>>> print(open('run-v8.tsv').read())   # TSV, N, CA and C atoms
chain	number	residue	atom	x	y	z
A	627	GLY	N	16.43	-43.26	98.38
A	627	GLY	CA	16.14	-44.49	97.72
A	627	GLY	C	15.91	-44.31	96.22
A	628	LEU	N	15.75	-43.08	95.75
A	628	LEU	CA	15.47	-42.88	94.32
A	628	LEU	C	16.65	-43.27	93.43
A	629	GLY	N	17.85	-43.10	93.89
A	629	GLY	CA	19.01	-43.39	93.08
A	629	GLY	C	19.66	-44.72	93.38
A	630	THR	N	19.14	-45.46	94.35
A	630	THR	CA	19.77	-46.70	94.77
A	630	THR	C	19.81	-47.74	93.65
A	631	GLY	N	18.73	-47.88	92.92
A	631	GLY	CA	18.69	-48.84	91.82
A	631	GLY	C	19.71	-48.52	90.75
A	632	ALA	N	19.82	-47.24	90.42
A	632	ALA	CA	20.79	-46.84	89.41
A	632	ALA	C	22.22	-47.04	89.91
A	633	ALA	N	22.45	-46.76	91.19
A	633	ALA	CA	23.79	-46.97	91.76
A	633	ALA	C	24.16	-48.45	91.72
A	634	ALA	N	23.22	-49.30	92.04
A	634	ALA	CA	23.47	-50.74	91.99
A	634	ALA	C	23.74	-51.19	90.56
A	635	GLY	N	23.01	-50.63	89.61
A	635	GLY	CA	23.22	-50.97	88.20
A	635	GLY	C	24.60	-50.56	87.72
A	636	LEU	N	25.06	-49.38	88.12
A	636	LEU	CA	26.40	-48.93	87.73
A	636	LEU	C	27.47	-49.83	88.34
A	637	ARG	N	27.25	-50.22	89.58
A	637	ARG	CA	28.22	-51.11	90.22
A	637	ARG	C	28.23	-52.48	89.56
A	638	ALA	N	27.07	-52.98	89.17
A	638	ALA	CA	26.99	-54.28	88.51
A	638	ALA	C	27.68	-54.25	87.14
A	639	LEU	N	27.63	-53.11	86.47
A	639	LEU	CA	28.28	-52.98	85.17
A	639	LEU	C	29.78	-52.71	85.31
A	640	GLY	N	30.22	-52.44	86.52
A	640	GLY	CA	31.63	-52.13	86.73
A	640	GLY	C	32.00	-50.75	86.22
A	641	ALA	N	31.04	-49.84	86.21
A	641	ALA	CA	31.27	-48.47	85.72
A	641	ALA	C	31.69	-47.58	86.88
A	642	ALA	N	32.90	-47.80	87.37
A	642	ALA	CA	33.38	-47.08	88.55
A	642	ALA	C	33.50	-45.58	88.31
A	643	ARG	N	33.97	-45.18	87.14
A	643	ARG	CA	34.12	-43.75	86.87
A	643	ARG	C	32.78	-43.04	86.83
A	644	ARG	N	31.80	-43.68	86.22
A	644	ARG	CA	30.46	-43.10	86.17
A	644	ARG	C	29.85	-43.05	87.57
A	645	SER	N	30.09	-44.08	88.36
A	645	SER	CA	29.58	-44.13	89.73
A	645	SER	C	30.20	-43.02	90.57
A	646	LEU	N	31.51	-42.84	90.45
A	646	LEU	CA	32.19	-41.78	91.20
A	646	LEU	C	31.70	-40.41	90.76
A	647	ARG	N	31.55	-40.21	89.45
A	647	ARG	CA	31.06	-38.94	88.94
A	647	ARG	C	29.67	-38.63	89.49
A	648	SER	N	28.81	-39.64	89.49
A	648	SER	CA	27.45	-39.45	90.00
A	648	SER	C	27.46	-39.10	91.48
A	649	GLN	N	28.30	-39.80	92.23
A	649	GLN	CA	28.37	-39.55	93.68
A	649	GLN	C	28.87	-38.14	93.97
A	650	LEU	N	29.88	-37.70	93.23
A	650	LEU	CA	30.41	-36.34	93.45
A	650	LEU	C	29.39	-35.27	93.10
A	651	ILE	N	28.70	-35.45	91.99
A	651	ILE	CA	27.69	-34.46	91.60
A	651	ILE	C	26.53	-34.45	92.59
A	652	ALA	N	26.08	-35.63	93.00
A	652	ALA	CA	24.97	-35.71	93.96
A	652	ALA	C	25.38	-35.09	95.30
A	653	SER	N	26.60	-35.33	95.74
A	653	SER	CA	27.07	-34.75	97.00
A	653	SER	C	27.13	-33.23	96.92
A	654	ALA	N	27.60	-32.72	95.79
A	654	ALA	CA	27.64	-31.26	95.61
A	654	ALA	C	26.23	-30.68	95.63
A	655	CYS	N	25.28	-31.40	95.03
A	655	CYS	CA	23.88	-30.95	95.06
A	655	CYS	C	23.34	-30.91	96.49
A	656	TYR	N	23.67	-31.93	97.29
A	656	TYR	CA	23.18	-31.98	98.67
A	656	TYR	C	23.73	-30.82	99.48
A	657	VAL	N	25.02	-30.56	99.34
A	657	VAL	CA	25.64	-29.47	100.10
A	657	VAL	C	25.06	-28.13	99.66
A	658	THR	N	25.00	-27.93	98.34
A	658	THR	CA	24.48	-26.66	97.82
A	658	THR	C	23.01	-26.47	98.18
A	659	GLY	N	22.21	-27.52	97.99
A	659	GLY	CA	20.79	-27.41	98.31
A	659	GLY	C	20.53	-27.20	99.79
A	660	GLY	N	21.24	-27.94	100.62
A	660	GLY	CA	21.05	-27.81	102.06
A	660	GLY	C	21.47	-26.46	102.60
A	661	LEU	N	22.66	-26.03	102.21
A	661	LEU	CA	23.15	-24.74	102.70
A	661	LEU	C	22.41	-23.57	102.06
A	662	GLY	N	22.17	-23.67	100.75
A	662	GLY	CA	21.44	-22.59	100.07
A	662	GLY	C	20.03	-22.43	100.62
A	663	GLY	N	19.36	-23.55	100.84
A	663	GLY	CA	18.02	-23.48	101.41
A	663	GLY	C	18.02	-22.92	102.82
A	664	ALA	N	19.05	-23.27	103.59
A	664	ALA	CA	19.15	-22.76	104.96
A	664	ALA	C	19.36	-21.25	104.97
A	665	VAL	N	20.16	-20.75	104.05
A	665	VAL	CA	20.41	-19.32	103.97
A	665	VAL	C	19.13	-18.58	103.59
A	666	VAL	N	18.38	-19.15	102.64
A	666	VAL	CA	17.19	-18.48	102.14
A	666	VAL	C	16.02	-18.56	103.13
A	667	ALA	N	15.77	-19.76	103.69
A	667	ALA	CA	14.56	-19.91	104.50
A	667	ALA	C	14.76	-20.73	105.78
A	668	GLY	N	15.96	-20.81	106.28
A	668	GLY	CA	16.18	-21.49	107.55
A	668	GLY	C	16.05	-23.00	107.44
A	669	THR	N	15.53	-23.59	108.51
A	669	THR	CA	15.43	-25.05	108.58
A	669	THR	C	14.52	-25.62	107.49
A	670	ALA	N	13.38	-25.01	107.31
A	670	ALA	CA	12.45	-25.50	106.28
A	670	ALA	C	13.07	-25.36	104.89
A	671	GLY	N	13.78	-24.29	104.66
A	671	GLY	CA	14.44	-24.09	103.37
A	671	GLY	C	15.53	-25.13	103.14
A	672	SER	N	16.23	-25.47	104.20
A	672	SER	CA	17.26	-26.50	104.08
A	672	SER	C	16.64	-27.85	103.72
A	673	ALA	N	15.51	-28.16	104.34
A	673	ALA	CA	14.81	-29.42	104.03
A	673	ALA	C	14.36	-29.44	102.58
A	674	TRP	N	13.81	-28.33	102.10
A	674	TRP	CA	13.39	-28.25	100.71
A	674	TRP	C	14.58	-28.32	99.75
A	675	GLY	N	15.68	-27.69	100.13
A	675	GLY	CA	16.87	-27.72	99.31
A	675	GLY	C	17.44	-29.13	99.18
A	676	VAL	N	17.45	-29.86	100.29
A	676	VAL	CA	17.94	-31.24	100.26
A	676	VAL	C	16.98	-32.12	99.46
A	677	ALA	N	15.68	-31.87	99.57
A	677	ALA	CA	14.71	-32.64	98.78
A	677	ALA	C	14.93	-32.42	97.29
A	678	ALA	N	15.14	-31.17	96.90
A	678	ALA	CA	15.40	-30.87	95.50
A	678	ALA	C	16.73	-31.48	95.05
A	679	ALA	N	17.72	-31.47	95.93
A	679	ALA	CA	19.02	-32.07	95.61
A	679	ALA	C	18.90	-33.58	95.44
A	680	THR	N	18.04	-34.20	96.20
A	680	THR	CA	17.83	-35.64	96.07
A	680	THR	C	17.26	-35.98	94.71
A	681	VAL	N	16.31	-35.20	94.26
A	681	VAL	CA	15.72	-35.42	92.94
A	681	VAL	C	16.76	-35.20	91.84
A	682	CYS	N	17.53	-34.13	91.96
A	682	CYS	CA	18.58	-33.85	90.96
A	682	CYS	C	19.66	-34.93	90.99
A	683	GLY	N	20.07	-35.33	92.18
A	683	GLY	CA	21.09	-36.36	92.30
A	683	GLY	C	20.65	-37.69	91.72
A	684	SER	N	19.41	-38.07	91.98
A	684	SER	CA	18.93	-39.34	91.43
A	684	SER	C	18.80	-39.27	89.91
A	685	ALA	N	18.47	-38.10	89.38
A	685	ALA	CA	18.42	-37.94	87.92
A	685	ALA	C	19.81	-38.16	87.33
A	686	VAL	N	20.83	-37.65	87.99
A	686	VAL	CA	22.21	-37.85	87.52
A	686	VAL	C	22.56	-39.34	87.53
A	687	TRP	N	22.21	-40.04	88.62
A	687	TRP	CA	22.48	-41.47	88.71
A	687	TRP	C	21.82	-42.23	87.56
A	688	TRP	N	20.55	-41.94	87.30
A	688	TRP	CA	19.82	-42.67	86.25
A	688	TRP	C	20.35	-42.33	84.86
A	689	LEU	N	20.74	-41.08	84.62
A	689	LEU	CA	21.30	-40.72	83.33
A	689	LEU	C	22.65	-41.41	83.10
A	690	GLN	N	23.44	-41.51	84.15
A	690	GLN	CA	24.72	-42.21	84.04
A	690	GLN	C	24.51	-43.70	83.78
A	691	LEU	N	23.52	-44.29	84.44
A	691	LEU	CA	23.23	-45.70	84.20
A	691	LEU	C	22.78	-45.92	82.76
A	692	ARG	N	21.94	-45.03	82.27
A	692	ARG	CA	21.48	-45.14	80.89
A	692	ARG	C	22.64	-45.09	79.90
A	693	SER	N	23.57	-44.18	80.12
A	693	SER	CA	24.75	-44.08	79.26
A	693	SER	C	25.63	-45.32	79.38
A	694	ALA	N	25.80	-45.82	80.59
A	694	ALA	CA	26.63	-47.01	80.79
A	694	ALA	C	26.00	-48.24	80.13
A	695	LEU	N	24.69	-48.34	80.18
A	695	LEU	CA	24.02	-49.46	79.51
A	695	LEU	C	24.18	-49.38	78.00
A	696	ARG	N	24.09	-48.18	77.44
A	696	ARG	CA	24.32	-48.01	76.02
A	696	ARG	C	25.73	-48.43	75.62
A	697	GLU	N	26.71	-48.00	76.41
A	697	GLU	CA	28.10	-48.39	76.14
A	697	GLU	C	28.27	-49.90	76.24
A	698	HIS	N	27.65	-50.49	77.24
A	698	HIS	CA	27.77	-51.93	77.45
A	698	HIS	C	27.19	-52.70	76.26
A	699	HIS	N	26.06	-52.26	75.77
A	699	HIS	CA	25.43	-52.94	74.64
A	699	HIS	C	26.23	-52.74	73.34
A	700	GLN	N	26.86	-51.61	73.18
A	700	GLN	CA	27.67	-51.36	71.98
A	700	GLN	C	28.95	-52.17	72.00
A	701	ASN	N	29.50	-52.41	73.18
A	701	ASN	CA	30.76	-53.13	73.30
A	701	ASN	C	30.59	-54.64	73.36
A	702	THR	N	29.36	-55.10	73.37
A	702	THR	CA	29.12	-56.53	73.43
A	702	THR	C	29.48	-57.15	72.07
A	703	ILE	N	30.28	-58.18	72.12
A	703	ILE	CA	30.70	-58.86	70.91
A	703	ILE	C	29.67	-59.94	70.60
A	704	ARG	N	29.11	-59.88	69.41
A	704	ARG	CA	28.12	-60.86	69.01
A	704	ARG	C	28.82	-62.06	68.38
A	705	GLU	N	28.37	-63.21	68.75
A	705	GLU	CA	28.94	-64.44	68.21
A	705	GLU	C	28.28	-64.73	66.87
A	706	VAL	N	29.12	-64.97	65.87
A	706	VAL	CA	28.62	-65.28	64.53
A	706	VAL	C	28.97	-66.73	64.23
A	707	ARG	N	27.98	-67.50	63.88
A	707	ARG	CA	28.21	-68.90	63.54
A	707	ARG	C	28.02	-69.08	62.04
A	708	THR	N	28.90	-69.85	61.46
A	708	THR	CA	28.79	-70.18	60.04
A	708	THR	C	28.41	-71.65	59.90
A	709	PRO	N	27.66	-71.98	58.87
A	709	PRO	CA	27.22	-73.37	58.73
A	709	PRO	C	28.32	-74.32	58.34
>>> encode(input="run-v8.tsv", output="structure tokens")
Amino acid sequence: GLGTGAAAGLRALGAARRSLRSQLIASACYVTGGLGGAVVAGTAGSAWGVAAATVCGSAVWWLQLRSALREHHQNTIREVRTP
């Protein structure tokens, strides 16, 4: 649930590439953390590895949302009215 808000924000902004990038990185973290933890300390290590991967994955989601919001604000065209 840590990255759900950021994922929803990326989808709302239509930032599909950023969303895909975040998902791929987070998935790689889950696989690496789960398997690496299992190799090091068995079941408990796998649980800790997945927990650490969840934190890293959600950080990636939030950083991507932050960048997408910056891009969105820079690309917004401001309306100028003349008297």
>>> closest_residue(input="run-v8.tsv", among="A:Leu628, A:Leu695, A:Ala634, A:Ala679", to="Val657 of chain A", atoms="only N, CA and C atoms")
A:Ala679
>>> closest_residue(input="run-v8.tsv", among="A:Ala652, A:Leu661, A:Leu636, A:Val686", to="Trp674 of chain A", atoms="only C-alpha atoms")
A:Leu661
>>> residues_around(input="run-v8.tsv", residues="segment 687-694 of chain A", least_positions_apart="4", cutoff="7 Å", atoms="only C-alpha atoms", output="list in words")
Gly629, Ala632, Ala633, Gly635, Leu636, Ala641, Arg644, Ser648, Gly683 and His698 of chain A
>>> write_last_selection(input="run-v8.tsv", atoms="N, CA and C atoms", output="mmCIF file, keeping the file's coordinate frame")
data_model
loop_
_atom_site.group_PDB
_atom_site.id
_atom_site.type_symbol
_atom_site.label_atom_id
_atom_site.label_comp_id
_atom_site.auth_asym_id
_atom_site.auth_seq_id
_atom_site.Cartn_x
_atom_site.Cartn_y
_atom_site.Cartn_z
ATOM 1 N N GLY A 629 17.850 -43.100 93.890
ATOM 2 C CA GLY A 629 19.010 -43.390 93.080
ATOM 3 C C GLY A 629 19.660 -44.720 93.380
ATOM 4 N N ALA A 632 19.820 -47.240 90.420
ATOM 5 C CA ALA A 632 20.790 -46.840 89.410
ATOM 6 C C ALA A 632 22.220 -47.040 89.910
ATOM 7 N N ALA A 633 22.450 -46.760 91.190
ATOM 8 C CA ALA A 633 23.790 -46.970 91.760
ATOM 9 C C ALA A 633 24.160 -48.450 91.720
ATOM 10 N N GLY A 635 23.010 -50.630 89.610
ATOM 11 C CA GLY A 635 23.220 -50.970 88.200
ATOM 12 C C GLY A 635 24.600 -50.560 87.720
ATOM 13 N N LEU A 636 25.060 -49.380 88.120
ATOM 14 C CA LEU A 636 26.400 -48.930 87.730
ATOM 15 C C LEU A 636 27.470 -49.830 88.340
ATOM 16 N N ALA A 641 31.040 -49.840 86.210
ATOM 17 C CA ALA A 641 31.270 -48.470 85.720
ATOM 18 C C ALA A 641 31.690 -47.580 86.880
ATOM 19 N N ARG A 644 31.800 -43.680 86.220
ATOM 20 C CA ARG A 644 30.460 -43.100 86.170
ATOM 21 C C ARG A 644 29.850 -43.050 87.570
ATOM 22 N N SER A 648 28.810 -39.640 89.490
ATOM 23 C CA SER A 648 27.450 -39.450 90.000
ATOM 24 C C SER A 648 27.460 -39.100 91.480
ATOM 25 N N GLY A 683 20.070 -35.330 92.180
ATOM 26 C CA GLY A 683 21.090 -36.360 92.300
ATOM 27 C C GLY A 683 20.650 -37.690 91.720
ATOM 28 N N HIS A 698 27.650 -50.490 77.240
ATOM 29 C CA HIS A 698 27.770 -51.930 77.450
ATOM 30 C C HIS A 698 27.190 -52.700 76.260
#
>>> atom_distance(input="run-v8.tsv", atom1="atom CA of Ala685 of chain A", atom2="atom CA of Gly627 of chain A")
12.0 Å
>>> residues_around(input="run-v8.tsv", residues="Ala677 of chain A", least_positions_apart="4", cutoff="7 Å", atoms="only N, CA and C atoms", output="mmCIF file with N, CA and C atoms, in the frame of the given file")
data_model
loop_
_atom_site.group_PDB
_atom_site.id
_atom_site.type_symbol
_atom_site.label_atom_id
_atom_site.label_comp_id
_atom_site.auth_asym_id
_atom_site.auth_seq_id
_atom_site.Cartn_x
_atom_site.Cartn_y
_atom_site.Cartn_z
ATOM 1 N N GLY A 659 22.210 -27.520 97.990
ATOM 2 C CA GLY A 659 20.790 -27.410 98.310
ATOM 3 C C GLY A 659 20.530 -27.200 99.790
ATOM 4 N N GLY A 660 21.240 -27.940 100.620
ATOM 5 C CA GLY A 660 21.050 -27.810 102.060
ATOM 6 C C GLY A 660 21.470 -26.460 102.600
ATOM 7 N N SER A 672 16.230 -25.470 104.200
ATOM 8 C CA SER A 672 17.260 -26.500 104.080
ATOM 9 C C SER A 672 16.640 -27.850 103.720
ATOM 10 N N ALA A 673 15.510 -28.160 104.340
ATOM 11 C CA ALA A 673 14.810 -29.420 104.030
ATOM 12 C C ALA A 673 14.360 -29.440 102.580
ATOM 13 N N VAL A 681 16.310 -35.200 94.260
ATOM 14 C CA VAL A 681 15.720 -35.420 92.940
ATOM 15 C C VAL A 681 16.760 -35.200 91.840
ATOM 16 N N CYS A 682 17.530 -34.130 91.960
ATOM 17 C CA CYS A 682 18.580 -33.850 90.960
ATOM 18 C C CYS A 682 19.660 -34.930 90.990
#
>>> atom_distance(input="run-v8.tsv", atom1="atom N of Ser645 of chain A", atom2="atom C of Gly663 of chain A")
28.3 Å
>>> decode(input="run-v8.tsv", residues="segment 672-697 of chain A", atoms="N, CA, C and O atoms", output="compact mmCIF listing (two decimals), in the first residue's frame")
# COMPACT_ATOMS: atom_id res chain seq x y z
N SER A 672 13.80 -14.17 3.52
CA SER A 672 12.98 -13.82 2.36
C SER A 672 11.93 -12.77 2.73
O SER A 672 11.70 -11.83 1.98
N ALA A 673 11.32 -12.94 3.90
CA ALA A 673 10.33 -11.96 4.35
C ALA A 673 10.97 -10.59 4.55
O ALA A 673 10.41 -9.57 4.15
N TRP A 674 12.15 -10.56 5.15
CA TRP A 674 12.85 -9.29 5.34
C TRP A 674 13.29 -8.69 4.01
O TRP A 674 13.25 -7.47 3.81
N GLY A 675 13.71 -9.53 3.08
CA GLY A 675 14.11 -9.05 1.78
C GLY A 675 12.95 -8.43 1.01
O GLY A 675 13.09 -7.39 0.37
N VAL A 676 11.78 -9.07 1.09
CA VAL A 676 10.60 -8.52 0.42
C VAL A 676 10.16 -7.23 1.11
O VAL A 676 9.73 -6.29 0.44
N ALA A 677 10.28 -7.17 2.43
CA ALA A 677 9.92 -5.93 3.15
C ALA A 677 10.83 -4.78 2.71
O ALA A 677 10.37 -3.66 2.46
N ALA A 678 12.11 -5.05 2.60
CA ALA A 678 13.05 -4.02 2.15
C ALA A 678 12.76 -3.63 0.70
O ALA A 678 12.83 -2.45 0.33
N ALA A 679 12.40 -4.61 -0.12
CA ALA A 679 12.08 -4.34 -1.52
C ALA A 679 10.82 -3.49 -1.64
O ALA A 679 10.72 -2.64 -2.52
N THR A 680 9.87 -3.69 -0.75
CA THR A 680 8.65 -2.89 -0.76
C THR A 680 8.97 -1.44 -0.47
O THR A 680 8.44 -0.53 -1.13
N VAL A 681 9.83 -1.19 0.49
CA VAL A 681 10.23 0.18 0.81
C VAL A 681 10.97 0.81 -0.37
O VAL A 681 10.68 1.94 -0.77
N CYS A 682 11.90 0.07 -0.96
CA CYS A 682 12.65 0.59 -2.11
C CYS A 682 11.72 0.82 -3.31
O CYS A 682 11.83 1.85 -3.99
N GLY A 683 10.83 -0.12 -3.56
CA GLY A 683 9.91 0.02 -4.67
C GLY A 683 8.98 1.21 -4.52
O GLY A 683 8.73 1.96 -5.47
N SER A 684 8.48 1.42 -3.31
CA SER A 684 7.59 2.57 -3.10
C SER A 684 8.35 3.88 -3.22
O SER A 684 7.81 4.88 -3.72
N ALA A 685 9.62 3.89 -2.83
CA ALA A 685 10.44 5.10 -3.01
C ALA A 685 10.58 5.42 -4.49
O ALA A 685 10.49 6.59 -4.89
N VAL A 686 10.75 4.40 -5.31
CA VAL A 686 10.85 4.61 -6.76
C VAL A 686 9.55 5.19 -7.30
O VAL A 686 9.56 6.14 -8.08
N TRP A 687 8.41 4.63 -6.87
CA TRP A 687 7.11 5.14 -7.31
C TRP A 687 6.95 6.61 -6.96
O TRP A 687 6.52 7.41 -7.78
N TRP A 688 7.28 6.98 -5.73
CA TRP A 688 7.10 8.38 -5.29
C TRP A 688 8.06 9.32 -5.99
O TRP A 688 7.70 10.45 -6.32
N LEU A 689 9.29 8.89 -6.24
CA LEU A 689 10.24 9.73 -6.97
C LEU A 689 9.79 9.95 -8.41
O LEU A 689 9.92 11.06 -8.95
N GLN A 690 9.24 8.91 -9.02
CA GLN A 690 8.73 9.06 -10.38
C GLN A 690 7.51 9.99 -10.42
O GLN A 690 7.37 10.79 -11.35
N LEU A 691 6.65 9.89 -9.41
CA LEU A 691 5.50 10.80 -9.36
C LEU A 691 5.97 12.24 -9.19
O LEU A 691 5.45 13.15 -9.85
N ARG A 692 6.94 12.45 -8.34
CA ARG A 692 7.47 13.79 -8.13
C ARG A 692 8.02 14.38 -9.43
O ARG A 692 7.75 15.54 -9.78
N SER A 693 8.75 13.59 -10.18
CA SER A 693 9.29 14.04 -11.46
C SER A 693 8.18 14.31 -12.47
O SER A 693 8.23 15.29 -13.21
N ALA A 694 7.18 13.45 -12.49
CA ALA A 694 6.06 13.63 -13.43
C ALA A 694 5.26 14.88 -13.09
O ALA A 694 4.82 15.60 -13.99
N LEU A 695 5.10 15.17 -11.81
CA LEU A 695 4.39 16.39 -11.41
C LEU A 695 5.17 17.63 -11.82
O LEU A 695 4.59 18.62 -12.27
N ARG A 696 6.49 17.60 -11.67
CA ARG A 696 7.32 18.71 -12.11
C ARG A 696 7.18 18.95 -13.61
O ARG A 696 7.03 20.07 -14.05
N GLU A 697 7.23 17.87 -14.38
CA GLU A 697 7.06 17.98 -15.83
C GLU A 697 5.69 18.54 -16.18
O GLU A 697 5.56 19.37 -17.06
